[in-house]
file input22.txt (compact mmCIF, C-alpha atoms)
# COMPACT_ATOMS: atom_id res chain seq x y z
CA ALA A 177 77.03 -124.06 -76.87
CA SER A 178 75.17 -127.37 -76.98
CA TYR A 179 71.72 -128.78 -77.75
CA ASP A 180 70.04 -131.37 -75.56
CA SER A 181 69.02 -134.76 -76.98
CA THR A 182 65.53 -133.53 -77.96
CA GLY A 183 66.85 -130.58 -79.96
CA LEU A 184 64.39 -128.32 -78.16
CA VAL A 185 66.76 -126.81 -75.60
CA PHE A 186 70.22 -125.38 -76.08
CA GLY A 187 72.68 -124.00 -73.58
CA ILE A 188 75.38 -121.35 -73.81
CA SER A 189 78.10 -120.65 -71.27
CA SER A 190 80.05 -117.45 -70.80
CA PRO A 191 82.81 -116.51 -68.31
CA LEU A 192 82.20 -114.01 -65.54
CA ALA A 193 84.44 -110.96 -65.33
CA GLY A 194 87.66 -111.56 -63.46
CA GLY A 195 87.50 -115.32 -63.93
CA VAL A 196 85.33 -115.78 -60.84
CA GLY A 197 83.05 -118.30 -62.50
CA ASN A 198 80.77 -118.90 -65.47
CA LEU A 199 77.18 -118.25 -66.46
CA ILE A 200 75.00 -120.86 -68.16
CA HIS A 201 72.00 -119.68 -70.18
CA LEU A 202 69.34 -122.20 -71.27
CA TYR A 203 67.04 -121.38 -74.20
CA ASP A 204 63.95 -122.91 -75.75
CA ALA A 205 64.92 -123.38 -79.41
CA ARG A 206 61.35 -122.56 -80.45
CA ASN A 207 61.25 -119.26 -78.53
CA TYR A 208 64.86 -118.20 -78.17
CA GLY A 209 63.92 -114.63 -79.09
CA ASN A 210 62.26 -114.29 -75.69
CA GLY A 211 65.58 -114.81 -73.95
CA ALA A 212 66.86 -117.57 -71.68
CA PHE A 213 64.29 -119.42 -69.60
CA ALA A 214 66.96 -120.31 -67.00
CA ASP A 215 70.28 -118.80 -65.93
CA TYR A 216 72.77 -120.52 -63.65
CA LYS A 217 75.86 -119.01 -62.06
CA VAL A 218 78.67 -121.48 -61.38
CA GLU A 219 81.10 -119.63 -59.15
CA GLN A 220 84.83 -120.37 -58.87
CA THR A 221 84.43 -120.85 -55.13
CA SER A 222 81.83 -123.61 -55.61
CA ILE A 223 84.16 -125.39 -58.05
CA LEU A 224 87.03 -125.13 -55.54
CA THR A 225 84.82 -126.52 -52.78
CA ALA A 226 83.83 -129.48 -54.97
CA ILE A 227 87.51 -130.21 -55.74
CA GLN A 228 88.41 -130.05 -52.06
CA GLN A 229 85.52 -132.36 -51.16
CA GLN A 230 86.90 -134.83 -53.66
CA GLN A 231 90.30 -134.54 -51.97
CA ARG A 232 88.85 -135.25 -48.53
CA ARG A 233 87.02 -138.30 -49.90
CA ARG A 234 90.34 -139.61 -51.23
CA ARG A 235 89.37 -140.15 -54.79
CA ARG A 236 91.94 -141.57 -57.19
CA THR A 237 93.71 -138.28 -57.96
CA ILE A 238 94.61 -135.97 -55.08
CA PRO A 239 95.45 -132.33 -56.00
CA SER A 240 97.23 -130.05 -53.54
CA ASN A 241 95.42 -126.91 -52.37
CA THR A 242 97.52 -124.82 -54.76
CA ILE A 243 96.67 -127.02 -57.74
CA ALA A 244 93.00 -127.20 -56.65
CA THR A 245 92.83 -123.41 -56.71
CA GLU A 246 94.44 -123.28 -60.16
CA LEU A 247 92.01 -125.90 -61.44
CA SER A 248 89.02 -123.93 -60.11
CA PHE A 249 89.97 -121.04 -62.42
CA ALA A 250 90.31 -123.31 -65.50
CA ARG A 251 88.70 -122.03 -68.70
CA TRP A 252 85.63 -123.96 -69.88
CA THR A 253 86.09 -125.50 -73.34
CA SER A 254 82.82 -127.38 -73.92
CA MET A 255 79.43 -128.13 -72.39
CA LYS A 256 77.23 -131.16 -73.12
CA PHE A 257 73.83 -132.42 -71.96
CA ASN A 258 73.31 -136.05 -71.01
CA THR A 259 70.50 -137.95 -72.73
CA SER A 260 67.89 -137.20 -70.06
CA GLY A 261 68.92 -133.54 -69.77
CA LYS A 262 69.28 -133.89 -66.00
CA LYS A 263 73.04 -133.34 -66.02
CA LEU A 264 75.58 -131.21 -67.85
CA LEU A 265 79.21 -132.12 -68.52
CA VAL A 266 81.70 -129.26 -68.72
CA THR A 267 85.29 -129.78 -69.87
CA THR A 268 88.15 -127.39 -69.19
CA ASP A 269 91.58 -126.50 -70.56
CA LYS A 270 93.38 -127.96 -67.53
CA GLY A 271 92.51 -131.66 -67.56
CA MET A 272 89.33 -131.40 -65.50
CA ALA A 273 85.67 -132.16 -66.18
CA LEU A 274 82.72 -130.98 -64.08
CA VAL A 275 79.37 -132.73 -63.81
CA LEU A 276 76.62 -130.18 -63.12
CA ASP A 277 73.01 -130.57 -62.04
CA GLY A 278 70.88 -129.74 -65.08
CA TYR A 279 68.23 -128.01 -62.97
CA ASP A 280 70.27 -125.62 -60.83
CA GLY A 281 73.84 -125.72 -62.20
CA SER A 282 75.40 -126.97 -58.95
CA VAL A 283 78.64 -128.97 -59.20
CA THR A 284 77.84 -132.60 -58.44
CA ASP A 285 81.15 -134.19 -59.40
CA VAL A 286 84.73 -133.38 -60.44
CA LEU A 287 86.77 -135.69 -62.68
CA LEU A 288 90.52 -135.14 -63.07
CA SER A 289 92.87 -136.38 -65.75
CA GLU A 290 95.31 -139.13 -64.84
CA GLU A 291 98.81 -137.85 -65.48
CA THR A 292 102.10 -139.52 -66.34
CA GLY A 293 104.52 -139.05 -63.46
CA SER A 294 101.92 -138.82 -60.69
CA MET A 295 102.95 -140.66 -57.55
CA VAL A 296 101.10 -142.83 -55.05
CA LYS A 297 100.54 -141.03 -51.77
CA GLU A 298 99.10 -142.30 -48.49
CA GLU A 299 97.26 -139.97 -46.12
CA GLU A 300 95.00 -140.39 -43.14
CA GLY A 301 91.42 -141.01 -44.19
CA GLU A 302 88.13 -141.10 -42.37
CA GLY A 303 88.36 -143.31 -39.27
CA GLY A 304 92.13 -142.77 -39.05
CA GLY A 305 93.15 -145.37 -41.60
CA ALA A 306 95.72 -144.73 -44.31
CA VAL A 307 94.17 -144.28 -47.75
CA ALA A 308 96.25 -144.38 -50.91
CA GLY A 309 95.66 -141.96 -53.75
CA VAL A 310 97.58 -140.57 -56.70
CA ALA A 311 99.12 -137.21 -55.80
CA MET A 312 98.80 -134.73 -58.66
CA THR A 313 102.30 -133.23 -58.88
CA LYS A 314 101.39 -130.48 -61.35
CA CYS A 315 98.31 -129.00 -62.97
CA PRO A 316 97.49 -130.81 -66.26
CA ALA A 317 98.60 -128.72 -69.22
CA GLY A 318 96.20 -130.16 -71.80
CA PRO A 319 92.44 -129.77 -72.16
CA MET A 320 90.11 -132.52 -70.99
CA ALA A 321 88.14 -134.57 -73.52
CA ALA A 322 85.08 -136.22 -71.99
CA CYS A 323 81.54 -137.38 -72.77
CA PHE A 324 78.56 -139.11 -71.21
CA THR A 325 77.73 -142.67 -72.19
CA ARG A 326 74.38 -143.06 -73.91
CA ASP A 327 72.78 -144.65 -70.81
CA ASP A 328 73.74 -141.60 -68.67
CA ARG A 329 75.36 -143.84 -66.07
CA SER A 330 79.02 -143.09 -66.85
CA VAL A 331 81.43 -140.42 -68.03
CA LEU A 332 84.43 -141.27 -70.21
CA CYS A 333 87.51 -139.08 -69.78
CA GLY A 334 90.65 -138.90 -71.91
CA ASN A 335 93.83 -138.81 -69.82
CA GLU A 336 97.26 -137.23 -70.14
CA ASP A 337 98.90 -140.68 -70.02
CA GLY A 338 97.02 -142.00 -73.07
CA THR A 339 94.39 -143.95 -71.15
CA VAL A 340 90.62 -143.48 -71.01
CA GLY A 341 88.98 -143.44 -67.59
CA CYS A 342 85.47 -144.86 -67.30
CA TRP A 343 83.73 -143.24 -64.33
CA SER A 344 80.46 -144.60 -62.98
CA LEU A 345 78.15 -141.84 -61.71
CA ASP A 346 76.13 -144.44 -59.77
CA GLY A 347 78.82 -145.08 -57.16
CA GLY A 348 78.18 -144.27 -53.51
CA GLY A 349 75.85 -141.30 -53.32
CA GLY A 350 74.82 -141.19 -56.96
CA GLY A 351 76.88 -138.19 -57.95
CA SER A 352 75.75 -136.03 -55.05
CA GLY A 353 78.80 -133.80 -55.04
CA ASP A 354 80.73 -135.69 -52.36
CA GLY A 355 83.16 -137.40 -54.74
CA SER A 356 80.91 -140.43 -55.12
CA SER A 357 81.72 -141.39 -58.71
CA THR A 358 83.83 -144.52 -59.12
CA LEU A 359 86.55 -145.34 -61.64
CA VAL A 360 85.34 -148.71 -62.90
CA GLN A 361 87.69 -149.31 -65.82
CA THR A 362 90.75 -147.86 -67.55
CA LEU A 363 91.17 -148.39 -71.29
CA LYS A 364 94.73 -148.53 -72.64
CA GLY A 365 95.69 -148.20 -76.28
CA HIS A 366 97.01 -144.72 -77.01
CA VAL A 367 100.55 -143.38 -77.16
CA GLY A 368 99.74 -139.81 -76.07
CA ARG A 369 97.11 -137.59 -74.47
CA VAL A 370 93.59 -138.55 -75.55
CA GLY A 371 92.24 -135.36 -77.13
CA CYS A 372 88.96 -136.60 -78.61
CA ILE A 373 86.33 -139.00 -77.30
CA ALA A 374 82.77 -139.80 -78.39
CA THR A 375 80.16 -142.50 -77.88
CA ASN A 376 77.97 -143.99 -80.57
CA PRO A 377 74.35 -142.93 -79.80
CA LYS A 378 72.94 -146.19 -81.22
CA TYR A 379 75.55 -148.93 -80.78
CA ALA A 380 77.82 -149.88 -77.87
CA GLN A 381 80.92 -148.26 -79.32
CA ILE A 382 83.40 -145.60 -78.21
CA ALA A 383 85.75 -143.69 -80.53
CA THR A 384 88.89 -142.10 -79.10
CA ALA A 385 91.90 -140.40 -80.65
CA CYS A 386 95.33 -138.98 -79.94
CA THR A 387 97.82 -139.33 -82.81
CA ASN A 388 96.12 -142.67 -83.51
CA THR A 389 92.43 -143.59 -83.45
CA ALA A 390 90.78 -146.43 -81.53
CA VAL A 391 87.26 -147.86 -81.53
CA TRP A 392 86.14 -149.76 -78.44
CA LEU A 393 83.18 -152.06 -77.81
CA TRP A 394 81.39 -150.95 -74.62

call {"tool": "encode", "arguments": {"input": "input22.txt", "output": "structure tokens"}}
result
Amino acid sequence: ASYDSTGLVFGISSPLAGGVGNLIHLYDARNYGNGAFADYKVEQTSILTAIQQQQRRRRRTIPSNTIATELSFARWTSMKFNTSGKKLLVTTDKGMALVLDGYDGSVTDVLLSEETGSMVKEEEGEGGGAVAGVAMTKCPAGPMAACFTRDDRSVLCGNEDGTVGCWSLDGGGGGSGDGSSTLVQTLKGHVGRVGCIATNPKYAQIATACTNTAVWLW
């Protein structure tokens, strides 16, 4: 469950039977007794399609079809609103974060954890040219830690290899679901998987932690 930045709306997610997706219920905090004012169904098939679109666009991490299917069934661990309330960020227990449209619940972007031991792979891209990406050799075992930046323009993701990926949602198509986000920076300073990450709502600071804690100036 999570409140939006105004404190007037909160959202709750619950899994569908059989692991075929999740439901999101949005409530008005002043009239929650009247039930949810909006309900979104995020189906496993729509998550799988978004992952596969990312693969075709040759984003930084390339999962195989088997791993993509496993990721699409990942259990949701948290849900957060961005400052404007126009997007939701869902983290999972398998190193994946989903960016959802705040108005209809559609998957607009998929962010995958960078993993130690992944290997560079070249495949044919659009136009026939070879495009290099990092082949995901196994499904991430740890949960994803991620958050929006306070300006809503980026998502910060903790990685398996101890780094923090800074993804711009403004790249290409503006987070339109075609794998358009761009990795603009990678922060290094941890010795293990980054399990916690948060941004300061007032100052340009980021706090991250694994077995040690780091504070970054954004």

call {"tool": "residues_around", "arguments": {"input": "input22.txt", "residues": "Asp269 (chain A)", "least_positions_apart": "5", "cutoff": "8 Å", "atoms": "only C-alpha atoms", "output": "VMD selection string"}}
result
chain A and resid 250 to 253 317 to 320

call {"tool": "residues_near_point", "arguments": {"input": "input22.txt", "point": "(95.1, -146.4, -74.8)", "cutoff": "6 Å", "atoms": "all atoms listed in the file", "output": "list in words"}}
result
Gly338, Thr339, Leu363, Lys364, Gly365 and His366 of chain A

call {"tool": "closest_residue", "arguments": {"input": "input22.txt", "among": "A:Phe249, A:Trp343, A:Tyr279, A:Phe324", "to": "Asp215 (chain A)", "atoms": "all atoms listed in the file"}}
result
A:Tyr279

call {"tool": "atom_distance", "arguments": {"input": "input22.txt", "atom1": "CA of Gln229 (chain A)", "atom2": "CA of Val286 (chain A)"}}
result
9.4 Å

call {"tool": "residues_around", "arguments": {"input": "input22.txt", "residues": "Ile227 (chain A)", "least_positions_apart": "4", "cutoff": "8 Å", "atoms": "all atoms listed in the file", "output": "list in words"}}
result
Ile223, Gln231, Ala244, Ser248 and Val286 of chain A

call {"tool": "residues_around", "arguments": {"input": "input22.txt", "residues": "region 374-388 of chain A", "least_positions_apart": "5", "cutoff": "9 Å", "atoms": "all atoms listed in the file", "output": "PyMOL selection string"}}
result
chain A and resi 321-326+332+334+338+340+366-369+393-394

call {"tool": "write_last_selection", "arguments": {"input": "input22.txt", "atoms": "C-alpha atoms", "output": "mmCIF file, in the frame of the given file"}}
result
data_model
loop_
_atom_site.group_PDB
_atom_site.id
_atom_site.type_symbol
_atom_site.label_atom_id
_atom_site.label_comp_id
_atom_site.auth_asym_id
_atom_site.auth_seq_id
_atom_site.Cartn_x
_atom_site.Cartn_y
_atom_site.Cartn_z
ATOM 1 C CA ALA A 321 88.140 -134.570 -73.520
ATOM 2 C CA ALA A 322 85.080 -136.220 -71.990
ATOM 3 C CA CYS A 323 81.540 -137.380 -72.770
ATOM 4 C CA PHE A 324 78.560 -139.110 -71.210
ATOM 5 C CA THR A 325 77.730 -142.670 -72.190
ATOM 6 C CA ARG A 326 74.380 -143.060 -73.910
ATOM 7 C CA LEU A 332 84.430 -141.270 -70.210
ATOM 8 C CA GLY A 334 90.650 -138.900 -71.910
ATOM 9 C CA GLY A 338 97.020 -142.000 -73.070
ATOM 10 C CA VAL A 340 90.620 -143.480 -71.010
ATOM 11 C CA HIS A 366 97.010 -144.720 -77.010
ATOM 12 C CA VAL A 367 100.550 -143.380 -77.160
ATOM 13 C CA GLY A 368 99.740 -139.810 -76.070
ATOM 14 C CA ARG A 369 97.110 -137.590 -74.470
ATOM 15 C CA LEU A 393 83.180 -152.060 -77.810
ATOM 16 C CA TRP A 394 81.390 -150.950 -74.620
#

call {"tool": "closest_residue", "arguments": {"input": "input22.txt", "among": "A:Cys342, A:Ala226, A:Leu288, A:Ile373", "to": "Pro316 (chain A)", "atoms": "all atoms listed in the file"}}
result
A:Leu288

call {"tool": "atom_distance", "arguments": {"input": "input22.txt", "atom1": "CA of Val360 (chain A)", "atom2": "CA of Gln220 (chain A)"}}
result
28.6 Å

call {"tool": "atom_distance", "arguments": {"input": "input22.txt", "atom1": "CA of Ala273 (chain A)", "atom2": "CA of Thr221 (chain A)"}}
result
15.9 Å

call {"tool": "closest_residue", "arguments": {"input": "input22.txt", "among": "A:Gly271, A:Leu184, A:Gln361, A:Asp277", "to": "Glu336 (chain A)", "atoms": "only C-alpha atoms"}}
result
A:Gly271

call {"tool": "residues_near_point", "arguments": {"input": "input22.txt", "point": "(67.9, -124.5, -59.6)", "cutoff": "10 Å", "atoms": "all atoms listed in the file", "output": "MDAnalysis selection string"}}
result
chainID A and resid 214:217 277:282

call {"tool": "closest_residue", "arguments": {"input": "input22.txt", "among": "A:Thr242, A:Asn207, A:Ser289, A:Ser222", "to": "Leu276 (chain A)", "atoms": "only C-alpha atoms"}}
result
A:Ser222

call {"tool": "closest_residue", "arguments": {"input": "input22.txt", "among": "A:Gly183, A:Gly371, A:Gly194, A:Gly261", "to": "Cys333 (chain A)", "atoms": "only C-alpha atoms"}}
result
A:Gly371

call {"tool": "residues_around", "arguments": {"input": "input22.txt", "residues": "Thr182 (chain A)", "least_positions_apart": "3", "cutoff": "9 Å", "atoms": "all atoms listed in the file", "output": "PyMOL selection string"}}
result
chain A and resi 179+185+259+261

call {"tool": "write_last_selection", "arguments": {"input": "input22.txt", "atoms": "C-alpha atoms", "output": "PDB file, in the frame of the given file"}}
result
ATOM      1  CA  TYR A 179      71.720-128.780 -77.750  1.00  0.00           C
ATOM      2  CA  VAL A 185      66.760-126.810 -75.600  1.00  0.00           C
ATOM      3  CA  THR A 259      70.500-137.950 -72.730  1.00  0.00           C
ATOM      4  CA  GLY A 261      68.920-133.540 -69.770  1.00  0.00           C
TER       5      GLY A 261
END

call {"tool": "axis_aligned_box", "arguments": {"input": "input22.txt", "around": "region 251-264 of chain A", "padding_each_side": "5 Å", "output": "JSON"}}
result
{"center_x": 78.3, "center_y": -130.0, "center_z": -70.0, "size_x": 30.8, "size_y": 25.9, "size_z": 17.9}

call {"tool": "closest_residue", "arguments": {"input": "input22.txt", "among": "A:Ala390, A:Ile200, A:Val275, A:Thr225", "to": "Asn258 (chain A)", "atoms": "all atoms listed in the file"}}
result
A:Val275

call {"tool": "build_atoms", "arguments": {"input": "input22.txt", "residues": "region 186-206 of chain A", "atoms": "N, CA, C and O atoms", "output": "compact mmCIF listing (two decimals), in the frame of the given file"}}
result
# COMPACT_ATOMS: atom_id res chain seq x y z
N PHE A 186 68.78 -125.52 -75.92
CA PHE A 186 70.22 -125.38 -76.08
C PHE A 186 70.78 -124.49 -74.98
O PHE A 186 70.08 -123.64 -74.42
N GLY A 187 72.03 -124.74 -74.66
CA GLY A 187 72.68 -124.00 -73.58
C GLY A 187 73.92 -123.30 -74.08
O GLY A 187 74.61 -123.77 -74.97
N ILE A 188 74.20 -122.14 -73.49
CA ILE A 188 75.38 -121.35 -73.81
C ILE A 188 76.06 -120.97 -72.50
O ILE A 188 75.38 -120.57 -71.55
N SER A 189 77.36 -121.08 -72.46
CA SER A 189 78.10 -120.65 -71.27
C SER A 189 78.98 -119.46 -71.61
O SER A 189 79.45 -119.31 -72.74
N SER A 190 79.20 -118.62 -70.63
CA SER A 190 80.05 -117.45 -70.80
C SER A 190 80.77 -117.17 -69.48
O SER A 190 80.19 -117.34 -68.41
N PRO A 191 82.05 -116.75 -69.55
CA PRO A 191 82.81 -116.51 -68.31
C PRO A 191 82.38 -115.21 -67.63
O PRO A 191 82.00 -114.24 -68.29
N LEU A 192 82.44 -115.22 -66.31
CA LEU A 192 82.20 -114.01 -65.54
C LEU A 192 83.46 -113.16 -65.53
O LEU A 192 84.57 -113.67 -65.68
N ALA A 193 83.31 -111.87 -65.36
CA ALA A 193 84.44 -110.96 -65.33
C ALA A 193 85.39 -111.33 -64.19
O ALA A 193 84.94 -111.69 -63.10
N GLY A 194 86.67 -111.26 -64.48
CA GLY A 194 87.66 -111.56 -63.46
C GLY A 194 87.91 -113.03 -63.24
O GLY A 194 88.65 -113.40 -62.32
N GLY A 195 87.29 -113.89 -64.06
CA GLY A 195 87.50 -115.32 -63.93
C GLY A 195 86.93 -115.93 -62.67
O GLY A 195 87.39 -116.98 -62.20
N VAL A 196 85.89 -115.30 -62.10
CA VAL A 196 85.33 -115.78 -60.84
C VAL A 196 84.22 -116.80 -61.04
O VAL A 196 83.53 -117.17 -60.09
N GLY A 197 84.06 -117.29 -62.24
CA GLY A 197 83.05 -118.30 -62.50
C GLY A 197 82.51 -118.19 -63.91
O GLY A 197 83.09 -117.53 -64.79
N ASN A 198 81.41 -118.89 -64.15
CA ASN A 198 80.77 -118.90 -65.47
C ASN A 198 79.26 -118.83 -65.34
O ASN A 198 78.70 -119.26 -64.32
N LEU A 199 78.63 -118.28 -66.37
CA LEU A 199 77.18 -118.25 -66.46
C LEU A 199 76.73 -119.27 -67.48
O LEU A 199 77.36 -119.44 -68.52
N ILE A 200 75.63 -119.95 -67.20
CA ILE A 200 75.00 -120.86 -68.16
C ILE A 200 73.61 -120.32 -68.46
O ILE A 200 72.83 -120.05 -67.55
N HIS A 201 73.31 -120.16 -69.74
CA HIS A 201 72.00 -119.68 -70.18
C HIS A 201 71.32 -120.81 -70.96
O HIS A 201 71.90 -121.36 -71.90
N LEU A 202 70.10 -121.17 -70.58
CA LEU A 202 69.34 -122.20 -71.27
C LEU A 202 68.20 -121.55 -72.05
O LEU A 202 67.47 -120.71 -71.52
N TYR A 203 68.05 -121.95 -73.30
CA TYR A 203 67.04 -121.38 -74.20
C TYR A 203 66.13 -122.45 -74.77
O TYR A 203 66.56 -123.59 -75.02
N ASP A 204 64.88 -122.09 -74.99
CA ASP A 204 63.95 -122.91 -75.75
C ASP A 204 64.19 -122.60 -77.21
O ASP A 204 64.05 -121.44 -77.64
N ALA A 205 64.58 -123.60 -78.00
CA ALA A 205 64.92 -123.38 -79.41
C ALA A 205 63.76 -122.84 -80.21
O ALA A 205 63.95 -122.21 -81.26
N ARG A 206 62.53 -123.04 -79.72
CA ARG A 206 61.35 -122.56 -80.45
C ARG A 206 61.03 -121.11 -80.10
O ARG A 206 60.30 -120.45 -80.85
